[in-house]
Amino acid sequence: MLENGLQEIAGLLHADMALLHLRSAEGFGLAAAYGLEGVPAVHRLQQPEPEELDVLALGRWLEWKLPGDYRGPAENNYHLLGAEHAISVGLRAGPELVGYAAFLFRVWADRNAMMSALSTLGAIWGLQYERLLESERRGRAEEQLRLYATALDNLNELVIVAEADPKNPSDSRITYVNQRIKEKTGYDPEDLLGQTPRILQGPGTDRAEVNRMKVKLRRFEPVSGELLNYRKDGTPYWVFISVHPFSSTGGRPTHFVSVQTDITERRQAEEVLREREARLRTIVESEPECVKIVATDGTLLEMNPAGLRMIEADDGAQVIGKPASELIHPDDRPAFAELHERACRGEVGELEFRIIGLKGTVRWLETHSAPLRDAKGVITSVLSVTRDVTEQRAAAALADEYRQRLETEIGRLQALRHIDRSITGSADIRLTAATLLEQMSRQLGVRRGGLFRVLPGTLLLESVAYIGLSIDLGDGERVAEVAVQAMRRREVLEVPLPHPPSNGSGHPNGAAILVLVPLIIKGLVKGVLAAQYPYPGEVEAGWKEFLHVLGGQAAIALESSELFEELQRSNTEVFYAYDQTIEGWARALDLRDRETEGHSRRVTDLTVQLALAMGYRSGDLVHIRRGALLHDIGKMGVPDHILQKPGPLTPEEWEVMKNHTTLGYHLLRSIEFLRPALDIPYCHHERWDGSGYPRGLKGEEIPLAARMFAVVDVFDALSSDRPYRKAWPREQVLEHIRQSAGTHFDPAVVEAFTKMLGKAN
């Protein structure tokens with residue numbers, strides 16, 4: 001329509017081109033064009049100079065000869081459109097300028113005659129344009145109302161409009177309801193029109209809340225709240241209602257607009273939440289452990305009764321709103337702060353710490369903390385469940401103390417067992433003393449001490465063993481004096497050491513203490529056990545008691561050592577007496593049989609040497625020696641006329657002579673300590689090939705001791721003078737023995753014997 005009007009006016013003016021610009025928020029925008037195929041962008045939105053707008057608003061026109069007298073921006077010059085003459089006239093609606101039209105001519109001409117008519121036309125055209133705009137605005141308003149009505153009908157909320165009764169708002173009559181009324185209440189719109197809003201209320205509606213709303217509505221103030229309404233079938237439902245006074249003229253309100261949102265589900269959820277919250281609060285209130293909530297800044301927000309009792313608070317007002325750290329023991333605050341910071345970062349954690357109650361009681365607590373988040377997931381506070389573990393810790397400490405004491409006692413019993421085994425298993429007092437001092441060091445922490453025994457018939461002490469630096473009980477008159485007093489008085493005594501030990505075992509806060517325990521058994525003082533107390537201060541009773549027990553063990557060890565030494569001396573004397581007796585028997589035989597005098601001593605020495613060469617242990621040599629000395633003990637039963645006969649024996653006499661081995665066996669076997677020596681006296685005449693006597697043993701059936709002695713016996717017999725022959729030369733004797741190997745003698749023994757003699761030579 002604008003383009004047609006512009007074209008018609010341009011035709012009347014014989015204009016070649018025309019542009020119509022109408023006012024907008026940004027400036028004057030191009031609304032229509034004539035005679036132009038395309039309009040450059042610079043001409044689509046114009047910003048005329050203020051003085052130009054003032055001229056056009058007064059009903060006058062503007063005229064330019066292009067480009068001669070044009071003074072505007074070069075890019076806006078209408079000459080660029082091919083014009084030589086430009087005339088602009090304003091479009092006015094009363095005093096207001098609503099736009100302007102520019103008519104362009106390719107040829108300059110005097111057109112003043114038409115300007116007056118053109119100015120009047122601008123006023124008429126402007127007025128028509130304003131009416132057109134008003135018509136458009138009214139059309140848009142009606143369209144918008146239709147849109148609003150459609151939107152209201154499609155709202156999920158219930159919209160009710162009632163004509164206002166300022167004296168009694170509850171008597172206001174409903175004039176409009178949206179289409180949701182049927183769905184929400186079961187009423188048809190016709191059921192509610194002309195009725196008061198009370199039709200939607202019922203017996204459960206909160207009258208106090210209704211009266212509160214009435215008071216505000218009488219003052220034409222907006223009001224909102226939650227009410228329990230009732231549907232047409234009588235079922236209740238909850239709504240959030242918002243009422244606003246409305247005036248179509250801007251004066252006194254004539255209507256009330258009510259928007260009601262169904263919140264039944266929300267109220268039901270809230271009721272469930274309230275019930276759950278009540279249950280949780282009941283649980284928390286009755287919980288025997290402390291439940292507390294601490295803000296992220298460390299402020300105590302909530303605490304149940306158990307927690308208040310735990311911190312000795314009469315009520316929550318004493319601690320709520322204050323820093324929770326004020327209740328924490330100063331030494332545990334850093335750890336508690338770290339736990340809280342971790343929870344604020346989203347971590348869970350636990351901690352044992354101490355609190356100081358409001359009445360000064362210190363308690364140990366164990367707490368578990370976790371973060372609390374809001375609906376957006378932001379951590380707002382920290383929840384902690386805490387229990388009192390004071391008694392448990394005390395019980396654990398007591399149990400630990402008992403365990404340590406039990407372990408100490410078990411260790412000491414084991415130590416005594418080790419010492420007992422050493423006493424019973426070793427005859428060396430120094431080894432036993434070393435074991436005792438080692439256990440004393442382990443069980444009592446002693447780093448310096450020693451065991452001393454009394455020299456017989458004196459009060460002088462001899463060191464048996466020591467640990468650490470040696471302790472000389474004579475190095476210091478006071479120490480020696482106390483040691484003697486301990487033995488005389490038979491009491492455990494203590495004495496400060498005269499000088500701190502150089503090994504650092506003293507104590508900076510006092511001199512080291514030496515504890516002396518007299519070693520007494522069966523009423524006799526055996527010595528002294530000395531131990532330096534390893535701790536500062538007075539000697540602890542339990543430590544001293546166990547040292548006294550160790551002293552008893554030491555006394556037993558000393559006595560056992562003395563008894564063993566005495567027994568050794570006795571045994572040595574007995575063994576010496578035995579050997580002297582045996583040697584006496586051997587000499588007696590040599591004296592009786594003068595032709596073999598010295599024979600027993602010689603064969604004994606050679607047999608012992610051969611036994612060593614063949615690997616015999618030293619413990620068995622005593623039996624070899626005794627057997628060799630007594631090899632002919634049976635000849636004591638042979639009559640002198642046979643034993644000392646200068647010529648050959650008759651067969652009958654020879655049988656008597658051969659019986660001397662059996663006589664020797666029966667003579668010696670009744671003597672217990674000589675039984676291990678019987679092999680030589682009984683079997684030294686057996687032969688390797690089994691032709692010997694008395695039993696005709698063969699090969700390895702013959703005891704090795706007898707096999708060795710047989711070689712030595714023949715060697716000595718052939719090497720010695722006899723009444724019936726002279727002694728053989730040494731080489732002849734050895735050759736005879738080598739030839740008899742395998743028949744008379746054991747070849748292995750012969751080989752060992754000849755090697756032994758070769759080494760001896």
# chains A, B, ... in the order shown; residues from 1 in each chain; ligands from 1
>>> select_by_dssp(residues="segment 281-500 of chain A", states="alpha helix (DSSP H)", output="JSON, numbers by chain")
{"A": [281, 282, 283, 284, 285, 286, 305, 306, 307, 308, 309, 310, 333, 334, 335, 336, 337, 338, 339, 340, 341, 342, 343, 344, 390, 391, 392, 393, 394, 395, 396, 397, 398, 399, 400, 401, 402, 403, 404, 405, 406, 407, 408, 409, 410, 411, 412, 413, 414, 415, 416, 417, 418, 419, 420, 421, 422, 423, 424, 425, 429, 430, 431, 432, 433, 434, 435, 436, 437, 438, 439, 440, 441, 442, 443, 444, 477, 478, 479, 480, 481, 482, 483, 484, 485, 486, 487, 488, 489]}
>>> residues_around(residues="segment 209-221 of chain A", least_positions_apart="2", cutoff="9 Å", atoms="only C-alpha atoms", output="NGL selection string")
:A and (165-170 or 205-207 or 223-227 or 243-246 or 252-253 or 256)
>>> residues_around(residues="Gly29 of chain A", least_positions_apart="6", cutoff="8 Å", atoms="only C-alpha atoms", output="list in words")
His21, Leu22, Arg23, Arg44, Leu45 and Gln46 of chain A
>>> closest_atom_pairs(of="segment 304-343 of chain A", to="segment 268-286 of chain A", cutoff="10 Å", atoms="only C-alpha atoms", output="tab-separated table")
residue	atom	partner	partner_atom	distance
A:Asn304	CA	A:Glu285	CA	5.4
A:Pro305	CA	A:Glu285	CA	6.1
A:Ala306	CA	A:Glu285	CA	7.5
A:Gly307	CA	A:Glu285	CA	9.6
>>> closest_residue(among="A:Tyr533, A:Trp61, A:Trp238, A:Tyr34", to="Gly202 of chain A", atoms="only C-alpha atoms")
A:Trp238
>>> closest_atom_pairs(of="segment 210-292 of chain A", to="segment 173-191 of chain A", cutoff="10 Å", atoms="only C-alpha atoms", output="tab-separated table")
residue	atom	partner	partner_atom	distance
A:Asn229	CA	A:Thr185	CA	9.0
A:Tyr230	CA	A:Thr185	CA	7.4
A:Arg231	CA	A:Thr185	CA	4.5
A:Lys232	CA	A:Gly186	CA	5.3
A:Asp233	CA	A:Gly186	CA	7.2
A:Gly234	CA	A:Thr185	CA	9.5
A:Thr235	CA	A:Thr185	CA	9.2
A:Pro236	CA	A:Thr185	CA	9.6
A:Tyr237	CA	A:Thr185	CA	9.0
A:His255	CA	A:Thr175	CA	9.0
A:Phe256	CA	A:Ile174	CA	9.1
A:Val257	CA	A:Tyr176	CA	9.2
A:Ser258	CA	A:Val177	CA	9.5
A:Val259	CA	A:Val177	CA	10.0
A:Gln260	CA	A:Lys184	CA	9.9
A:Thr261	CA	A:Lys184	CA	9.6
A:Asp262	CA	A:Lys184	CA	8.0
>>> atom_distance(atom1="atom CA of Ala677 of chain A", atom2="atom CA of Thr581 of chain A")
14.7 Å
>>> residues_around(residues="segment 679-683 of chain A", least_positions_apart="6", cutoff="10 Å", atoms="only C-alpha atoms", output="VMD selection string")
chain A and resid 623 to 634 660 to 666 668 692 to 697 702 to 710
>>> write_last_selection(atoms="N, CA and C atoms", output="CSV table (one decimal), in the first residue's frame")
chain,number,residue,atom,x,y,z
A,623,HIS,N,90.7,-98.0,76.6
A,623,HIS,CA,90.3,-99.4,76.6
A,623,HIS,C,91.3,-100.2,75.8
A,624,ILE,N,91.9,-99.7,74.7
A,624,ILE,CA,93.0,-100.4,74.0
A,624,ILE,C,94.2,-100.6,74.9
A,625,ARG,N,94.5,-99.5,75.7
A,625,ARG,CA,95.7,-99.6,76.6
A,625,ARG,C,95.5,-100.6,77.7
A,626,ARG,N,94.3,-100.6,78.3
A,626,ARG,CA,94.0,-101.5,79.4
A,626,ARG,C,94.0,-103.0,78.8
A,627,GLY,N,93.4,-103.2,77.7
A,627,GLY,CA,93.3,-104.5,77.1
A,627,GLY,C,94.7,-105.1,76.8
A,628,ALA,N,95.6,-104.1,76.3
A,628,ALA,CA,96.9,-104.6,75.9
A,628,ALA,C,97.7,-104.9,77.2
A,629,LEU,N,97.6,-104.1,78.3
A,629,LEU,CA,98.3,-104.4,79.5
A,629,LEU,C,97.9,-105.7,80.1
A,630,LEU,N,96.6,-106.1,79.9
A,630,LEU,CA,96.0,-107.3,80.6
A,630,LEU,C,95.8,-108.4,79.6
A,631,HIS,N,96.5,-108.4,78.5
A,631,HIS,CA,96.3,-109.4,77.4
A,631,HIS,C,96.6,-110.8,77.9
A,632,ASP,N,97.6,-110.9,78.9
A,632,ASP,CA,97.9,-112.3,79.4
A,632,ASP,C,97.5,-112.5,80.8
A,633,ILE,N,96.5,-111.7,81.2
A,633,ILE,CA,96.0,-111.8,82.6
A,633,ILE,C,95.6,-113.2,83.0
A,634,GLY,N,95.1,-113.9,81.9
A,634,GLY,CA,94.7,-115.3,82.2
A,634,GLY,C,95.8,-116.3,82.6
A,660,HIS,N,94.5,-119.9,78.7
A,660,HIS,CA,94.7,-118.6,79.5
A,660,HIS,C,93.8,-117.5,78.9
A,661,THR,N,93.4,-117.5,77.6
A,661,THR,CA,92.5,-116.5,77.0
A,661,THR,C,91.1,-116.5,77.7
A,662,THR,N,90.6,-117.8,77.8
A,662,THR,CA,89.3,-118.0,78.4
A,662,THR,C,89.4,-117.6,79.9
A,663,LEU,N,90.4,-118.0,80.6
A,663,LEU,CA,90.6,-117.6,82.0
A,663,LEU,C,90.6,-116.1,82.1
A,664,GLY,N,91.3,-115.4,81.3
A,664,GLY,CA,91.4,-114.0,81.3
A,664,GLY,C,90.0,-113.3,81.1
A,665,TYR,N,89.2,-113.9,80.1
A,665,TYR,CA,87.9,-113.4,79.9
A,665,TYR,C,87.0,-113.5,81.1
A,666,HIS,N,87.0,-114.7,81.7
A,666,HIS,CA,86.1,-114.9,82.9
A,666,HIS,C,86.6,-114.0,84.1
A,668,LEU,N,88.0,-111.0,83.9
A,668,LEU,CA,87.8,-109.5,83.8
A,668,LEU,C,86.4,-109.1,83.5
A,692,GLY,N,92.7,-119.9,64.7
A,692,GLY,CA,93.2,-119.6,66.0
A,692,GLY,C,92.3,-120.1,67.1
A,693,TYR,N,92.5,-119.6,68.4
A,693,TYR,CA,91.7,-120.0,69.5
A,693,TYR,C,91.4,-118.8,70.3
A,694,PRO,N,90.4,-118.8,71.2
A,694,PRO,CA,89.7,-120.0,71.7
A,694,PRO,C,88.5,-120.3,70.9
A,695,ARG,N,88.0,-119.4,70.0
A,695,ARG,CA,86.7,-119.7,69.4
A,695,ARG,C,86.8,-119.9,67.9
A,696,GLY,N,88.0,-119.8,67.4
A,696,GLY,CA,88.2,-120.0,65.9
A,696,GLY,C,87.5,-119.0,65.1
A,697,LEU,N,87.5,-117.7,65.5
A,697,LEU,CA,86.9,-116.6,64.7
A,697,LEU,C,87.7,-116.4,63.5
A,702,ILE,N,86.8,-111.3,64.1
A,702,ILE,CA,87.7,-111.0,65.1
A,702,ILE,C,87.7,-109.5,65.4
A,703,PRO,N,87.5,-109.0,66.6
A,703,PRO,CA,87.5,-107.6,66.9
A,703,PRO,C,88.8,-106.9,66.4
A,704,LEU,N,88.6,-105.7,65.9
A,704,LEU,CA,89.8,-105.0,65.4
A,704,LEU,C,90.9,-104.8,66.4
A,705,ALA,N,90.5,-104.5,67.6
A,705,ALA,CA,91.5,-104.3,68.7
A,705,ALA,C,92.4,-105.6,68.8
A,706,ALA,N,91.8,-106.8,68.8
A,706,ALA,CA,92.5,-108.0,68.9
A,706,ALA,C,93.4,-108.2,67.6
A,707,ARG,N,92.9,-107.9,66.4
A,707,ARG,CA,93.6,-108.0,65.2
A,707,ARG,C,94.9,-107.2,65.2
A,708,MET,N,94.7,-105.9,65.7
A,708,MET,CA,95.9,-105.0,65.8
A,708,MET,C,96.9,-105.6,66.8
A,709,PHE,N,96.4,-106.0,68.0
A,709,PHE,CA,97.3,-106.5,69.0
A,709,PHE,C,98.0,-107.8,68.6
A,710,ALA,N,97.4,-108.7,67.8
A,710,ALA,CA,98.0,-109.9,67.4
A,710,ALA,C,99.3,-109.6,66.6
>>> closest_residue(among="A:Val464, A:Ala531, A:Ala375, A:Val382", to="Leu444 of chain A", atoms="only C-alpha atoms")
A:Ala531
>>> residues_around(residues="Gly758 of chain A", least_positions_apart="5", cutoff="12 Å", atoms="only C-alpha atoms", output="number ranges by chain")
A: 730-731, 734, 751-753
>>> residues_around(residues="Leu383 of chain A", least_positions_apart="3", cutoff="7 Å", atoms="only C-alpha atoms", output="VMD selection string")
chain A and resid 292 to 294 369 to 372
>>> write_last_selection(atoms="N, CA and C atoms", output="PDB file, in the first residue's frame")
ATOM      1  N   LYS A 292      26.574 -34.932  64.768  1.00  0.00           N
ATOM      2  CA  LYS A 292      26.693 -33.478  64.668  1.00  0.00           C
ATOM      3  C   LYS A 292      26.874 -33.081  63.210  1.00  0.00           C
ATOM      4  N   ILE A 293      26.506 -31.834  62.909  1.00  0.00           N
ATOM      5  CA  ILE A 293      26.690 -31.248  61.585  1.00  0.00           C
ATOM      6  C   ILE A 293      27.506 -29.983  61.766  1.00  0.00           C
ATOM      7  N   VAL A 294      28.586 -29.884  61.009  1.00  0.00           N
ATOM      8  CA  VAL A 294      29.492 -28.743  61.098  1.00  0.00           C
ATOM      9  C   VAL A 294      29.531 -28.062  59.743  1.00  0.00           C
ATOM     10  N   SER A 369      33.405 -39.020  59.336  1.00  0.00           N
ATOM     11  CA  SER A 369      32.877 -37.797  58.726  1.00  0.00           C
ATOM     12  C   SER A 369      32.618 -38.012  57.244  1.00  0.00           C
ATOM     13  N   ALA A 370      31.558 -37.336  56.748  1.00  0.00           N
ATOM     14  CA  ALA A 370      31.200 -37.406  55.332  1.00  0.00           C
ATOM     15  C   ALA A 370      30.582 -36.071  54.931  1.00  0.00           C
ATOM     16  N   PRO A 371      30.734 -35.667  53.672  1.00  0.00           N
ATOM     17  CA  PRO A 371      30.181 -34.379  53.240  1.00  0.00           C
ATOM     18  C   PRO A 371      28.663 -34.441  53.035  1.00  0.00           C
ATOM     19  N   LEU A 372      27.985 -33.310  53.284  1.00  0.00           N
ATOM     20  CA  LEU A 372      26.567 -33.140  52.974  1.00  0.00           C
ATOM     21  C   LEU A 372      26.445 -32.151  51.816  1.00  0.00           C
TER      22      LEU A 372
END
>>> residues_around(residues="Glu559 of chain A", least_positions_apart="5", cutoff="10 Å", atoms="only C-alpha atoms", output="PyMOL selection string")
chain A and resi 429+519-522+524+526+553-554+564-565
>>> write_last_selection(atoms="N, CA, C and O atoms", output="PDB file, in the first residue's frame")
ATOM      1  N   ILE A 429      81.980 -73.459  83.557  1.00  0.00           N
ATOM      2  CA  ILE A 429      81.298 -72.365  84.239  1.00  0.00           C
ATOM      3  C   ILE A 429      81.339 -71.082  83.428  1.00  0.00           C
ATOM      4  O   ILE A 429      80.422 -70.265  83.487  1.00  0.00           O
ATOM      5  N   LEU A 519      75.504 -64.417  95.956  1.00  0.00           N
ATOM      6  CA  LEU A 519      75.113 -65.716  95.416  1.00  0.00           C
ATOM      7  C   LEU A 519      75.223 -66.743  96.538  1.00  0.00           C
ATOM      8  O   LEU A 519      76.335 -67.128  96.946  1.00  0.00           O
ATOM      9  N   ILE A 520      74.082 -67.168  97.052  1.00  0.00           N
ATOM     10  CA  ILE A 520      74.038 -68.033  98.234  1.00  0.00           C
ATOM     11  C   ILE A 520      73.303 -69.312  97.882  1.00  0.00           C
ATOM     12  O   ILE A 520      72.225 -69.279  97.271  1.00  0.00           O
ATOM     13  N   ILE A 521      73.871 -70.445  98.255  1.00  0.00           N
ATOM     14  CA  ILE A 521      73.200 -71.718  98.062  1.00  0.00           C
ATOM     15  C   ILE A 521      73.576 -72.642  99.221  1.00  0.00           C
ATOM     16  O   ILE A 521      74.743 -72.745  99.611  1.00  0.00           O
ATOM     17  N   LYS A 522      72.556 -73.265  99.773  1.00  0.00           N
ATOM     18  CA  LYS A 522      72.733 -74.155 100.931  1.00  0.00           C
ATOM     19  C   LYS A 522      73.473 -73.458 102.067  1.00  0.00           C
ATOM     20  O   LYS A 522      74.303 -74.040 102.754  1.00  0.00           O
ATOM     21  N   LEU A 524      75.723 -71.218 101.894  1.00  0.00           N
ATOM     22  CA  LEU A 524      77.098 -70.822 101.611  1.00  0.00           C
ATOM     23  C   LEU A 524      77.127 -69.732 100.552  1.00  0.00           C
ATOM     24  O   LEU A 524      76.392 -69.791  99.560  1.00  0.00           O
ATOM     25  N   LYS A 526      78.654 -68.115  97.465  1.00  0.00           N
ATOM     26  CA  LYS A 526      79.482 -68.599  96.369  1.00  0.00           C
ATOM     27  C   LYS A 526      80.125 -67.473  95.562  1.00  0.00           C
ATOM     28  O   LYS A 526      81.085 -67.693  94.830  1.00  0.00           O
ATOM     29  N   GLN A 553      70.186 -68.492  90.012  1.00  0.00           N
ATOM     30  CA  GLN A 553      70.684 -69.366  88.950  1.00  0.00           C
ATOM     31  C   GLN A 553      72.208 -69.356  88.912  1.00  0.00           C
ATOM     32  O   GLN A 553      72.845 -70.393  88.696  1.00  0.00           O
ATOM     33  N   ALA A 554      72.781 -68.166  89.112  1.00  0.00           N
ATOM     34  CA  ALA A 554      74.244 -68.069  89.103  1.00  0.00           C
ATOM     35  C   ALA A 554      74.849 -68.881  90.247  1.00  0.00           C
ATOM     36  O   ALA A 554      75.886 -69.541  90.079  1.00  0.00           O
ATOM     37  N   PHE A 564      81.188 -80.431  89.762  1.00  0.00           N
ATOM     38  CA  PHE A 564      81.738 -81.110  88.595  1.00  0.00           C
ATOM     39  C   PHE A 564      83.258 -81.190  88.689  1.00  0.00           C
ATOM     40  O   PHE A 564      83.864 -82.223  88.376  1.00  0.00           O
ATOM     41  N   GLU A 565      83.874 -80.069  89.116  1.00  0.00           N
ATOM     42  CA  GLU A 565      85.332 -80.082  89.245  1.00  0.00           C
ATOM     43  C   GLU A 565      85.770 -81.106  90.292  1.00  0.00           C
ATOM     44  O   GLU A 565      86.758 -81.835  90.102  1.00  0.00           O
TER      45      GLU A 565
END
>>> closest_residue(among="A:Lys755, A:Arg738, A:His684, A:Lys658", to="Met614 of chain A", atoms="only C-alpha atoms")
A:Lys755
>>> closest_residue(among="A:Ile311, A:Leu455, A:Ala486, A:Ala415", to="Glu438 of chain A", atoms="only C-alpha atoms")
A:Ala415
>>> select_by_dssp(residues="segment 370-528 of chain A", states="strand (DSSP E or B)", output="count of residues only")
47
>>> atom_distance(atom1="atom CA of Gln485 of chain A", atom2="atom CA of Leu497 of chain A")
15.9 Å
